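S.K.: Okay, so here is query.cif, and as you'll see once you scroll down, it has mmCIF, C-alpha atoms.
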```
data_coords
#
loop_
_atom_site.label_atom_id
_atom_site.label_comp_id
_atom_site.auth_asym_id
_atom_site.auth_seq_id
_atom_site.Cartn_x
_atom_site.Cartn_y
_atom_site.Cartn_z
CA MET H 1 0.00 0.00 0.00
CA VAL H 2 2.82 2.36 0.84
CA CYS H 3 4.39 1.80 -2.56
CA GLU H 4 1.12 2.57 -4.34
CA SER H 5 1.20 6.13 -3.07
CA TRP H 6 4.77 6.52 -4.32
CA LYS H 7 3.94 4.99 -7.67
CA ALA H 8 1.02 7.30 -8.17
CA LYS H 9 3.52 10.14 -8.23
CA LEU H 10 6.34 8.32 -9.96
CA ASP H 11 5.93 10.04 -13.34
CA THR H 12 5.76 13.45 -11.68
CA TYR H 13 8.94 12.58 -9.79
CA LEU H 14 10.71 11.45 -12.97
CA ASP H 15 9.58 14.65 -14.70
CA GLY H 16 11.34 16.57 -11.92
CA GLU H 17 8.09 18.21 -10.86
CA VAL H 18 7.77 17.21 -7.19
CA ALA H 19 8.79 19.64 -4.46
CA GLU H 20 12.42 19.65 -3.36
CA GLY H 21 11.76 18.05 0.03
CA GLU H 22 9.58 15.37 -1.49
CA MET H 23 12.24 14.74 -4.13
CA ARG H 24 14.72 13.75 -1.42
CA SER H 25 12.20 11.39 0.16
CA PHE H 26 11.51 9.92 -3.26
CA ASP H 27 15.23 9.41 -3.93
CA ALA H 28 15.58 7.56 -0.65
CA HIS H 29 12.54 5.39 -1.30
CA ILE H 30 13.58 4.47 -4.85
CA ARG H 31 17.00 3.43 -3.59
CA SER H 32 15.49 1.13 -0.99
CA CYS H 33 12.46 -0.30 -2.85
CA LEU H 34 13.11 -2.91 -5.54
CA SER H 35 9.60 -2.73 -6.96
CA CYS H 36 9.57 1.06 -7.28
CA SER H 37 13.10 1.22 -8.67
CA ALA H 38 12.21 -1.36 -11.34
CA ASP H 39 9.07 0.59 -12.19
CA ALA H 40 11.07 3.80 -12.33
CA LEU H 41 13.58 2.18 -14.67
CA THR H 42 10.87 1.10 -17.09
CA ARG H 43 9.36 4.56 -17.06
CA VAL H 44 12.75 6.19 -17.65
CA GLN H 45 13.26 3.84 -20.59
CA MET H 46 9.89 4.91 -21.89
CA LYS H 47 10.77 8.59 -21.50
CA ARG H 48 14.02 8.08 -23.37
CA ALA H 49 12.32 6.09 -26.10
CA ILE H 50 9.71 8.81 -26.62
CA GLN H 51 12.38 11.46 -26.65
CA ALA H 52 14.40 9.60 -29.28
CA ALA H 53 11.36 8.68 -31.36
CA GLY H 54 9.89 12.17 -31.07
CA LYS H 55 12.87 13.88 -32.66
CA ARG H 56 11.84 12.51 -35.98
CA TYR H 57 11.42 15.29 -38.49
CA THR H 58 13.90 17.78 -39.84
CA SER H 59 13.01 20.50 -42.28
CA SER H 60 14.02 20.11 -45.90
CA ALA H 61 17.04 21.95 -47.25
CA GLU H 62 14.74 23.80 -49.62
CA PHE H 63 12.44 25.01 -46.83
CA ARG H 64 15.39 26.07 -44.67
CA LYS H 65 16.95 27.90 -47.61
CA ARG H 66 13.69 29.71 -48.32
CA MET H 67 13.52 30.89 -44.73
CA GLN H 68 17.19 31.80 -44.60
CA GLN H 69 16.78 33.97 -47.69
CA LYS H 70 14.01 35.82 -45.94
CA ILE H 71 16.21 36.28 -42.90
CA ALA H 72 19.10 37.58 -44.97
CA ALA H 73 16.84 40.00 -46.75
CA LYS H 74 15.00 41.16 -43.66
CA PRO H 75 17.35 43.83 -42.25
CA GLN H 76 17.26 45.93 -45.41
CA ARG H 77 13.58 46.65 -45.06
CA ARG H 78 13.19 46.77 -41.34
CA PHE H 79 13.98 50.40 -40.89
CA GLY H 80 11.17 51.44 -43.17
CA LEU H 81 8.62 49.58 -41.11
CA SER H 82 6.79 50.23 -37.92
CA TRP H 83 8.20 49.28 -34.51
CA THR H 84 5.81 46.37 -34.31
CA LEU H 85 7.11 44.78 -37.47
CA ALA H 86 10.67 45.58 -36.62
CA ALA H 87 10.51 44.10 -33.15
CA ALA H 88 8.72 41.00 -34.24
CA ALA H 89 11.05 40.51 -37.19
CA ALA H 90 13.98 40.61 -34.84
CA ALA H 91 12.37 38.12 -32.52
CA VAL H 92 11.20 35.60 -35.01
CA ILE H 93 13.77 36.42 -37.67
CA LEU H 94 11.53 35.43 -40.45
CA VAL H 95 8.88 36.30 -42.97
CA GLY H 96 9.12 39.13 -45.40
CA THR H 97 7.83 39.49 -48.87
CA LEU H 98 9.21 42.70 -50.32
CA THR H 99 12.86 42.24 -49.59
CA SER H 100 14.85 41.59 -52.69
CA ALA H 101 14.17 44.97 -54.24
CA TYR H 102 15.88 46.63 -51.32
CA LEU H 103 19.03 44.54 -51.44
CA GLY H 104 22.07 46.68 -51.89
CA SER H 105 20.11 49.88 -52.14
CA ARG H 106 20.34 50.98 -48.50
CA PRO H 107 23.37 52.59 -46.97
CA GLY H 108 25.59 50.27 -44.92
CA ARG H 109 25.02 52.23 -41.73
CA ASP H 110 21.28 51.61 -41.85
CA GLN H 111 22.05 47.93 -42.03
CA VAL H 112 24.22 48.25 -38.94
CA PHE H 113 21.54 50.12 -37.01
CA SER H 114 18.99 47.60 -38.15
CA GLU H 115 21.16 44.77 -36.89
CA ILE H 116 21.65 46.56 -33.57
CA ALA H 117 17.89 46.90 -33.16
CA ASP H 118 17.55 43.21 -34.04
CA LEU H 119 20.09 42.23 -31.41
CA HIS H 120 18.34 44.33 -28.79
CA VAL H 121 14.85 42.93 -29.43
CA ALA H 122 15.90 39.34 -30.04
CA THR H 123 17.85 39.37 -26.79
CA LEU H 124 14.94 40.69 -24.76
CA ALA H 125 12.66 38.14 -26.38
CA SER H 126 14.98 35.32 -25.43
CA SER H 127 14.17 33.15 -22.43
CA SER H 128 17.78 33.64 -21.30
CA PRO H 129 18.70 37.18 -22.33
CA VAL H 130 22.01 37.25 -20.47
CA ASP H 131 24.75 34.66 -20.07
CA VAL H 132 26.32 36.35 -17.06
CA ILE H 133 23.70 37.47 -14.58
CA SER H 134 25.01 40.04 -12.18
CA THR H 135 24.45 43.58 -11.07
CA ASP H 136 28.13 43.88 -10.23
CA ARG H 137 30.29 45.38 -12.96
CA HIS H 138 33.32 43.69 -11.41
CA THR H 139 31.68 40.36 -12.13
CA VAL H 140 30.34 41.16 -15.58
CA LYS H 141 33.46 42.79 -17.03
CA PRO H 142 35.86 39.91 -16.24
CA TRP H 143 33.35 37.47 -17.71
CA PHE H 144 34.16 38.85 -21.16
CA GLN H 145 37.88 38.07 -20.81
CA GLY H 146 38.89 35.58 -23.48
CA ARG H 147 35.49 35.88 -25.14
CA ILE H 148 35.95 39.14 -27.01
CA PRO H 149 39.19 40.54 -28.51
CA PHE H 150 39.14 43.84 -26.57
CA ALA H 151 38.59 45.32 -23.11
CA PHE H 152 36.23 48.07 -22.07
CA ASN H 153 35.12 49.77 -18.88
CA LEU H 154 31.74 49.63 -17.24
CA PRO H 155 30.49 52.72 -15.46
CA GLU H 156 29.83 53.05 -11.74
CA LEU H 157 26.06 53.24 -11.33
CA GLN H 158 25.73 54.40 -7.75
CA ASN H 159 23.41 57.38 -7.41
CA SER H 160 22.02 56.76 -10.88
CA GLU H 161 18.67 55.40 -12.04
CA PHE H 162 20.35 52.53 -13.85
CA SER H 163 21.04 49.00 -12.71
CA LEU H 164 23.09 46.39 -14.52
CA LEU H 165 21.24 43.13 -15.25
CA GLY H 166 24.03 41.21 -16.94
CA GLY H 167 25.74 40.61 -20.25
CA ARG H 168 26.28 38.26 -23.11
CA MET H 169 28.54 37.85 -26.08
CA THR H 170 27.13 38.97 -29.37
CA TYR H 171 28.06 39.28 -33.02
CA LEU H 172 27.58 42.03 -35.57
CA GLU H 173 28.54 41.16 -39.13
CA GLN H 174 30.65 38.25 -37.85
CA THR H 175 32.42 40.58 -35.40
CA PRO H 176 32.37 39.57 -31.74
CA GLY H 177 31.28 42.14 -29.21
CA ALA H 178 29.80 42.70 -25.77
CA HIS H 179 26.08 43.10 -25.11
CA LEU H 180 25.09 44.54 -21.73
CA ILE H 181 21.58 45.00 -20.46
CA TYR H 182 20.57 47.73 -18.04
CA ASP H 183 17.33 48.48 -16.34
CA VAL H 184 15.99 51.96 -15.95
CA ARG H 185 12.49 52.48 -14.55
CA LYS H 186 11.41 49.04 -15.82
CA HIS H 187 12.75 49.70 -19.31
CA HIS H 188 15.53 47.48 -20.57
CA VAL H 189 18.34 49.23 -22.38
CA SER H 190 21.06 47.48 -24.37
CA VAL H 191 24.62 48.68 -24.58
CA LEU H 192 26.63 47.04 -27.35
CA VAL H 193 30.37 47.45 -27.79
CA PHE H 194 32.41 46.45 -30.84
CA GLN H 195 35.79 47.24 -32.32
CA GLU H 196 35.34 50.21 -34.64
CA ARG H 197 37.68 48.87 -37.29
CA SER H 198 35.74 45.63 -37.56
CA LEU H 199 32.46 47.27 -38.47
CA PRO H 200 31.51 47.33 -42.12
CA ALA H 201 30.20 50.88 -42.31
CA ARG H 202 31.47 54.24 -41.19
CA LEU H 203 29.22 55.58 -38.48
CA ASP H 204 28.94 58.82 -36.61
CA GLU H 205 26.74 60.28 -33.89
CA ASN H 206 24.55 62.08 -36.41
CA SER H 207 23.98 59.09 -38.64
CA VAL H 208 21.32 57.49 -36.47
CA SER H 209 18.15 57.41 -38.50
CA LYS H 210 15.26 59.42 -37.10
CA LYS H 211 12.87 56.81 -38.47
CA GLN H 212 14.17 54.01 -36.32
CA PRO H 213 11.82 52.54 -33.75
CA PHE H 214 14.05 52.94 -30.67
CA ASN H 215 16.01 55.67 -29.05
CA MET H 216 19.64 55.10 -29.86
CA GLU H 217 22.98 56.76 -29.34
CA THR H 218 26.26 55.72 -30.84
CA TRP H 219 29.78 57.03 -30.54
CA SER H 220 33.39 55.97 -31.02
CA GLN H 221 35.88 56.11 -28.20
CA GLY H 222 39.28 54.49 -27.84
CA GLY H 223 38.86 52.44 -31.00
CA LEU H 224 35.57 51.01 -29.79
CA ARG H 225 32.11 51.68 -31.16
CA TYR H 226 29.36 51.96 -28.56
CA PHE H 227 25.62 51.67 -29.14
CA VAL H 228 23.02 52.44 -26.48
CA ILE H 229 19.53 51.41 -27.56
CA GLY H 230 16.16 50.91 -25.92
CA ASP H 231 12.59 52.06 -25.61
CA ALA H 232 13.46 54.22 -22.61
CA GLY H 233 13.26 57.98 -23.05
CA ALA H 234 15.91 59.79 -25.04
CA ALA H 235 17.12 61.46 -21.84
CA ASP H 236 17.74 58.09 -20.20
CA ILE H 237 19.58 56.78 -23.24
CA ASP H 238 21.70 59.91 -23.20
CA SER H 239 22.40 59.60 -19.46
CA LEU H 240 23.61 56.03 -19.84
CA ALA H 241 25.74 57.00 -22.83
CA LYS H 242 27.33 59.77 -20.76
CA LEU H 243 28.12 57.33 -17.94
CA PHE H 244 29.89 55.07 -20.42
CA LYS H 245 31.76 57.97 -21.99
CA ALA H 246 32.97 59.05 -18.58
CA ALA H 247 34.09 55.54 -17.67
CA SER H 248 36.03 54.90 -20.87
CA MET E 1 15.51 31.34 -36.15
CA PRO E 2 14.71 30.51 -32.55
CA HIS E 3 13.05 27.09 -32.14
CA PHE E 4 12.64 26.71 -35.91
CA GLU E 5 13.62 23.07 -36.25
CA ARG E 6 11.78 22.06 -33.09
CA LEU E 7 8.64 23.88 -34.18
CA TYR E 8 8.87 22.12 -37.52
CA ASN E 9 9.24 18.74 -35.82
CA PHE E 10 6.27 19.47 -33.56
CA ALA E 11 4.21 20.66 -36.54
CA CYS E 12 4.97 17.43 -38.41
CA TRP E 13 3.82 15.38 -35.45
CA LEU E 14 0.58 17.37 -35.27
CA THR E 15 -0.23 17.34 -38.97
CA HIS E 16 1.44 14.11 -40.19
CA ASP E 17 2.15 16.00 -43.38
CA ARG E 18 5.37 17.85 -44.23
CA GLN E 19 3.76 20.38 -46.57
CA GLU E 20 1.13 21.22 -43.99
CA ALA E 21 3.84 21.45 -41.36
CA GLU E 22 5.78 23.95 -43.46
CA ASP E 23 2.64 26.03 -43.93
CA LEU E 24 1.96 25.82 -40.22
CA VAL E 25 5.46 26.93 -39.25
CA GLN E 26 5.30 29.80 -41.71
CA GLU E 27 1.88 30.82 -40.42
CA THR E 28 3.23 30.66 -36.87
CA TYR E 29 5.97 33.15 -37.64
CA VAL E 30 3.58 35.43 -39.49
CA LYS E 31 1.24 35.43 -36.49
CA ALA E 32 4.15 35.91 -34.11
CA LEU E 33 5.18 38.89 -36.20
CA LYS E 34 1.75 40.47 -36.01
CA GLY E 35 1.20 39.60 -32.38
CA PHE E 36 4.62 40.45 -31.05
CA PRO E 37 3.42 43.49 -29.05
CA SER E 38 1.36 41.09 -26.93
CA PHE E 39 4.51 39.23 -25.92
CA GLN E 40 5.86 40.36 -22.55
CA PRO E 41 9.69 40.46 -22.48
CA GLY E 42 10.90 38.30 -19.65
CA THR E 43 8.04 35.83 -19.98
CA ASN E 44 8.42 32.48 -21.68
CA PHE E 45 9.01 33.04 -25.39
CA ARG E 46 9.07 29.32 -26.16
CA ALA E 47 5.66 28.66 -24.63
CA TRP E 48 4.34 31.73 -26.43
CA ILE E 49 5.44 30.67 -29.91
CA TYR E 50 4.41 27.03 -29.40
CA LYS E 51 1.01 28.25 -28.33
CA ILE E 52 0.72 30.23 -31.57
CA LEU E 53 1.65 27.16 -33.59
CA ARG E 54 -0.80 24.96 -31.75
CA ASN E 55 -3.64 27.48 -32.10
CA ALA E 56 -2.88 27.75 -35.81
CA PHE E 57 -3.05 23.96 -36.03
CA LEU E 58 -6.35 23.79 -34.16
CA THR E 59 -7.96 26.13 -36.66
CA SER E 60 -6.51 24.31 -39.68
CA ARG E 61 -8.54 21.71 -41.55
CA THR E 62 -6.39 18.87 -40.20
CA GLY E 63 -6.58 20.28 -36.69
CA LEU E 64 -10.34 20.65 -36.77
CA LYS E 65 -10.67 17.11 -38.05
CA ALA E 66 -8.29 15.74 -35.42
CA THR E 67 -9.92 17.50 -32.50
CA ALA E 68 -13.43 16.68 -33.70
CA THR E 69 -12.67 12.99 -33.21
CA VAL E 70 -11.03 13.32 -29.78
CA GLN E 71 -12.53 11.02 -27.19
CA LEU E 72 -14.84 12.79 -24.80
CA ASP E 73 -13.45 10.95 -21.79
CA LEU E 74 -9.88 12.25 -22.19
CA GLU E 75 -9.86 13.78 -18.74
CA SER E 76 -11.98 11.20 -16.93
CA GLU E 77 -10.63 9.48 -13.88
CA GLU E 78 -9.12 6.08 -14.41
CA GLU E 79 -7.20 3.60 -12.36
CA ALA E 80 -3.44 3.80 -12.58
CA LEU E 81 -1.73 0.93 -14.31
CA PRO E 82 -0.42 -1.70 -11.92
CA ALA E 83 3.33 -1.84 -11.57
CA ALA E 84 5.14 -4.52 -13.47
CA THR E 85 8.84 -5.11 -13.59
CA GLU E 86 8.84 -6.85 -16.97
CA THR E 87 6.17 -5.81 -19.39
CA PRO E 88 5.82 -6.21 -23.13
CA GLU E 89 6.53 -2.53 -23.66
CA SER E 90 9.60 -2.62 -21.45
CA ILE E 91 10.92 -5.51 -23.54
CA LEU E 92 10.22 -3.53 -26.68
CA LEU E 93 11.88 -0.47 -25.24
CA GLN E 94 14.92 -2.45 -24.22
CA ARG E 95 15.22 -3.53 -27.83
CA SER E 96 15.27 0.15 -28.71
CA ASP E 97 12.76 -0.22 -31.47
CA GLY E 98 12.20 3.45 -32.19
CA ARG E 99 9.95 2.78 -35.14
CA LEU E 100 7.37 1.05 -32.97
CA VAL E 101 7.38 3.91 -30.51
CA GLN E 102 6.87 6.33 -33.39
CA GLN E 103 3.93 4.29 -34.65
CA ALA E 104 2.42 4.16 -31.18
CA LEU E 105 2.84 7.94 -30.88
CA GLU E 106 1.22 8.49 -34.26
CA GLN E 107 -1.81 6.52 -33.22
CA LEU E 108 -2.44 8.55 -30.09
CA PRO E 109 -5.20 11.17 -30.12
CA VAL E 110 -3.68 14.57 -30.82
CA ALA E 111 -4.37 15.78 -27.26
CA TYR E 112 -2.24 12.97 -25.87
CA ARG E 113 0.41 13.18 -28.55
CA GLU E 114 1.03 16.89 -28.10
CA VAL E 115 1.29 16.77 -24.31
CA LEU E 116 3.74 13.87 -24.47
CA LEU E 117 5.88 15.58 -27.09
CA LEU E 118 5.98 18.84 -25.15
CA CYS E 119 7.00 17.00 -22.00
CA GLU E 120 9.45 14.41 -23.34
CA VAL E 121 10.82 15.90 -26.54
CA GLU E 122 10.63 19.61 -25.80
CA GLU E 123 11.35 18.95 -22.12
CA MET E 124 8.94 21.65 -21.07
CA SER E 125 8.00 22.03 -17.43
CA TYR E 126 4.39 21.42 -16.44
CA GLN E 127 4.02 25.17 -16.11
CA GLU E 128 5.24 25.73 -19.67
CA ILE E 129 2.94 23.02 -20.98
CA SER E 130 0.07 24.60 -19.08
CA ALA E 131 0.82 27.95 -20.74
CA THR E 132 1.25 26.40 -24.18
CA LEU E 133 -1.91 24.33 -24.16
CA ALA E 134 -3.89 26.83 -22.09
CA ILE E 135 -4.98 24.18 -19.60
CA PRO E 136 -4.58 24.06 -15.78
CA MET E 137 -1.54 22.34 -14.26
CA GLY E 138 -3.73 19.58 -12.83
CA THR E 139 -5.04 18.83 -16.29
CA VAL E 140 -1.48 18.72 -17.63
CA MET E 141 -0.62 16.06 -15.04
CA SER E 142 -3.72 13.95 -15.58
CA ARG E 143 -3.50 14.20 -19.36
CA LEU E 144 0.17 13.22 -19.29
CA SER E 145 -0.65 10.25 -17.12
CA ARG E 146 -3.36 9.08 -19.50
CA ALA E 147 -1.20 9.75 -22.53
CA ARG E 148 1.52 7.54 -21.10
CA LYS E 149 -0.97 4.86 -20.31
CA ALA E 150 -2.39 5.03 -23.83
CA LEU E 151 1.11 4.81 -25.29
CA ARG E 152 1.89 1.77 -23.19
CA GLY E 153 -1.37 0.24 -24.37
CA GLY E 154 -0.43 0.96 -27.97
CA LEU E 155 2.98 -0.62 -27.52
CA GLN E 156 1.42 -3.69 -25.93
CA GLN E 157 -0.90 -4.10 -28.91
CA GLN E 158 2.01 -3.86 -31.30
CA PHE E 159 3.95 -6.32 -29.21
CA CYS E 160 1.09 -8.82 -29.39
CA ARG E 161 0.69 -8.25 -33.12
CA ARG E 162 4.36 -8.93 -33.66
CA ALA E 163 4.23 -12.06 -31.53
CA GLU E 164 1.27 -13.35 -33.58
CA LEU E 165 3.12 -12.70 -36.83
CA LYS E 166 6.12 -14.63 -35.58
CA TRP E 167 3.96 -17.62 -34.74
#
```
Using structure tokens, write down the structure from this file.
M.R.:
Amino acid sequence: MVCESWKAKLDTYLDGEVAEGEMRSFDAHIRSCLSCSADALTRVQMKRAIQAAGKRYTSSAEFRKRMQQKIAAKPQRRFGLSWTLAAAAAAVILVGTLTSAYLGSRPGRDQVFSEIADLHVATLASSSPVDVISTDRHTVKPWFQGRIPFAFNLPELQNSEFSLLGGRMTYLEQTPGAHLIYDVRKHHVSVLVFQERSLPARLDENSVSKKQPFNMETWSQGGLRYFVIGDAGAADIDSLAKLFKAAS
Amino acid sequence: MPHFERLYNFACWLTHDRQEAEDLVQETYVKALKGFPSFQPGTNFRAWIYKILRNAFLTSRTGLKATATVQLDLESEEEALPAATETPESILLQRSDGRLVQQALEQLPVAYREVLLLCEVEEMSYQEISATLAIPMGTVMSRLSRARKALRGGLQQQFCRRAELKW
């Protein structure tokens, strides 16, 4: 009778969905009960078999190629669209119908800004937006050592409205860089840093398109190109940019 | 393309047709595009996009047909299967016959198939499954339990069929 109550919850246990305390009791019981351990083994085999059998279908090369073409074409038209389309395009990285006509006709800097907006939105849409989670700049900065081919300084945020949420490695046109995420009054702001010489287009502070869907600032300092982007107010974007300029 | 291949795999399992699956995946991204403002950053993106795909499937011709034939007693209370250390399905599983498991999965009602795939293949938590299928956690647990039981039943049938053929 005792075992029946365990067995009733065996699948939940094997799915890792029982409470932590109960999990320990379960572990102990499974180790000591031959019947339950045998039952658990069969169920684990079943889980593994379903997992293996369930990964059955892969998309055709043709379908993948069709989608990839849409992805490649997407950035050229994003800046002419509304924020809704731009944000969603960055998140799902797919679907566009009027792309080919724009290929090669937009200035390189618009492509860069478009990619920056993509990185910002896609990161926020991700279930794990940061790889290093810390509010401490002395934790986040060293995390980038060996991951990106340059060093940069993070500003001191005491007495400011900003808080650091963490960072991740990112790429822009095959160039590695740092992506930091800050919080300001419940808005998430991205700061992206790349080597200036690695970027494909020449950029300057005045080249940020007015039509773009986010507030953005960009500048070059010490051979590095900084981008601050987010849906926070322009004043907040500017304040964070100033903190970075002062720290560099 | 976040989750692209996995969404495609899931779509194939739902539709049993590659062309329909491609259409479904494409429709999913189109709907995600249009509905992106409704997505809350910081919430579960995976559950959100799977939910879009599943809703698109439910309104498709295949989805309507599949759900129209779902048994009405899917959520009814049933006795748990008795424990057995050596069962026909465990023997089959030990032989790693993936094709039989695939056939048994195919034959499950879509409501059972999808919950099993989300749990075992996508390795979603009960909470994620609850959000994806828009059903309470308790229903996730009971449906999973019945789906597993139905799969074991399907494997047993196949095992018996095989044994008869051998004789």
S.K.: Rounded to one decimal place, report the CA of Arg99 in chain E-CA of Glu20 in chain E distance in Å.
M.R.: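 Separation between CA of Arg99 in chain E and CA of Glu20 in chain E: 22.3 Å.
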S.K.: Quick one, how far is CA of Arg43 in chain H from CA of Ser145 in chain E?
M.R.: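 Spanning CA of Arg43 in chain H to CA of Ser145 in chain E is a straight-line distance of 11.5 Å.
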S.K.: Around the point (19.4, 52.6, -13.5) (coordinates from the file), which residues reach within 12 Å if we count all atoms listed in the file? Answer as a list in words.
M.R.: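 Selection result: Thr135, Pro155, Glu156, Leu157, Gln158, Asn159, Ser160, Glu161, Phe162, Ser163, Leu164, Leu165, Ile181, Tyr182, Asp183, Val184, Arg185, Lys186, His187, His188, Val189, Ala232, Asp236, Ile237, Ser239, Leu240 and Leu243 of chain H.
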S.K.: Report as an mmCIF file with C-alpha atoms, keeping the file's coordinate frame the residues that result from applying the PyMOL selection byres ((chain H and resi 11-22) around 10) to the structure here.
M.R.:
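Below is the file part-v4.cif, written as the result:
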```
data_model
loop_
_atom_site.group_PDB
_atom_site.id
_atom_site.type_symbol
_atom_site.label_atom_id
_atom_site.label_comp_id
_atom_site.auth_asym_id
_atom_site.auth_seq_id
_atom_site.Cartn_x
_atom_site.Cartn_y
_atom_site.Cartn_z
ATOM 1 C CA TRP H 6 4.770 6.520 -4.320
ATOM 2 C CA LYS H 7 3.940 4.990 -7.670
ATOM 3 C CA ALA H 8 1.020 7.300 -8.170
ATOM 4 C CA LYS H 9 3.520 10.140 -8.230
ATOM 5 C CA LEU H 10 6.340 8.320 -9.960
ATOM 6 C CA MET H 23 12.240 14.740 -4.130
ATOM 7 C CA ARG H 24 14.720 13.750 -1.420
ATOM 8 C CA SER H 25 12.200 11.390 0.160
ATOM 9 C CA PHE H 26 11.510 9.920 -3.260
ATOM 10 C CA ASP H 27 15.230 9.410 -3.930
ATOM 11 C CA ALA H 28 15.580 7.560 -0.650
ATOM 12 C CA ALA H 40 11.070 3.800 -12.330
ATOM 13 C CA LEU H 41 13.580 2.180 -14.670
ATOM 14 C CA ARG H 43 9.360 4.560 -17.060
ATOM 15 C CA VAL H 44 12.750 6.190 -17.650
ATOM 16 C CA LYS H 47 10.770 8.590 -21.500
ATOM 17 C CA CYS E 119 7.000 17.000 -22.000
ATOM 18 C CA GLU E 120 9.450 14.410 -23.340
ATOM 19 C CA GLU E 123 11.350 18.950 -22.120
ATOM 20 C CA MET E 124 8.940 21.650 -21.070
ATOM 21 C CA SER E 125 8.000 22.030 -17.430
ATOM 22 C CA TYR E 126 4.390 21.420 -16.440
ATOM 23 C CA GLN E 127 4.020 25.170 -16.110
ATOM 24 C CA MET E 141 -0.620 16.060 -15.040
ATOM 25 C CA LEU E 144 0.170 13.220 -19.290
ATOM 26 C CA SER E 145 -0.650 10.250 -17.120
ATOM 27 C CA ARG E 148 1.520 7.540 -21.100
#
```
S.K.: Hey, can you check how far CA of Arg143 in chain E sits from CA of Ala111 in chain E?
M.R.: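 Rounded to one decimal, the two atoms are 8.1 Å apart.
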S.K.: Would you list the residues near (15.3, 61.1, -27.8) (no more than 10 Å away, in the coordinates of the file, using all atoms listed in the file) as a count of residues only?
M.R.: 13
S.K.: Which residues match the PyMOL selection byres ((chain E and resi 150) around 12) in the file above, as a ChimeraX atom specification?
M.R.: /E:74,78,80-81,89,101,104-113,116,143-149,151-157
S.K.: Translate the PyMOL selection byres ((chain H and resi 36) around 9), as applied to the file shown, into an explicit residue set as a list in words.
M.R.: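 Written out, the selection comes to Cys3, Trp6, Lys7, Leu10, His29, Ile30, Arg31, Ser32, Cys33, Leu34, Ser35, Ser37, Ala38, Asp39, Ala40 and Leu41 of chain H; Ala83 and Thr85 of chain E.
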S.K.: Using all atoms listed in the file, determine which residues lie at most 7 Å from Leu154 in chain H, disregarding the query and same-chain residues fewer than 4 positions distant; provide the list as a list in words.
M.R.: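 Listed by chain and then number, they are Arg137, Phe244 and Ala247 of chain H.
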S.K.: Name the residues in contact with range 129-135 of chain E at a cut-off of 7 Å, using all atoms listed in the file, excluding same-chain residues fewer than 6 positions from it; report them as a tab-separated table (two decimals) with C-alpha atoms, in the frame of the given file.
M.R.:
```tsv
chain	number	residue	atom	x	y	z
E	47	ALA	CA	5.66	28.66	-24.63
E	48	TRP	CA	4.34	31.73	-26.43
E	50	TYR	CA	4.41	27.03	-29.40
E	51	LYS	CA	1.01	28.25	-28.33
E	118	LEU	CA	5.98	18.84	-25.15
```
S.K.: Nearest to chain E among H:Ser5, H:Thr58, H:Thr123, H:Ser114, with distances taken over all atoms listed in the file: which residue is it?
M.R.: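 That would be H:Thr58, the residue with the smallest distance to chain E.
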S.K.: I'd like to know which of E:Val140, E:Val30, E:Val121, E:Val115 is closest to Asn9 in chain E, using only C-alpha atoms.
M.R.: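 Smallest distance to Asn9 in chain E is found for E:Val121.
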S.K.: Could you check the closest approach to chain H for each of E:Ser60, E:Gln158, E:Asn55, E:Gln26 and tell me which residue wins, using only C-alpha atoms?
M.R.: E:Gln26
S.K.: Check the smallest atom-to-atom distance from each of H:Ala53, H:Leu203, H:Ala178, H:Ala122 to chain E using only C-alpha atoms, then report the winner.
M.R.: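 Among the listed residues, the smallest separation from chain E belongs to H:Ala53.
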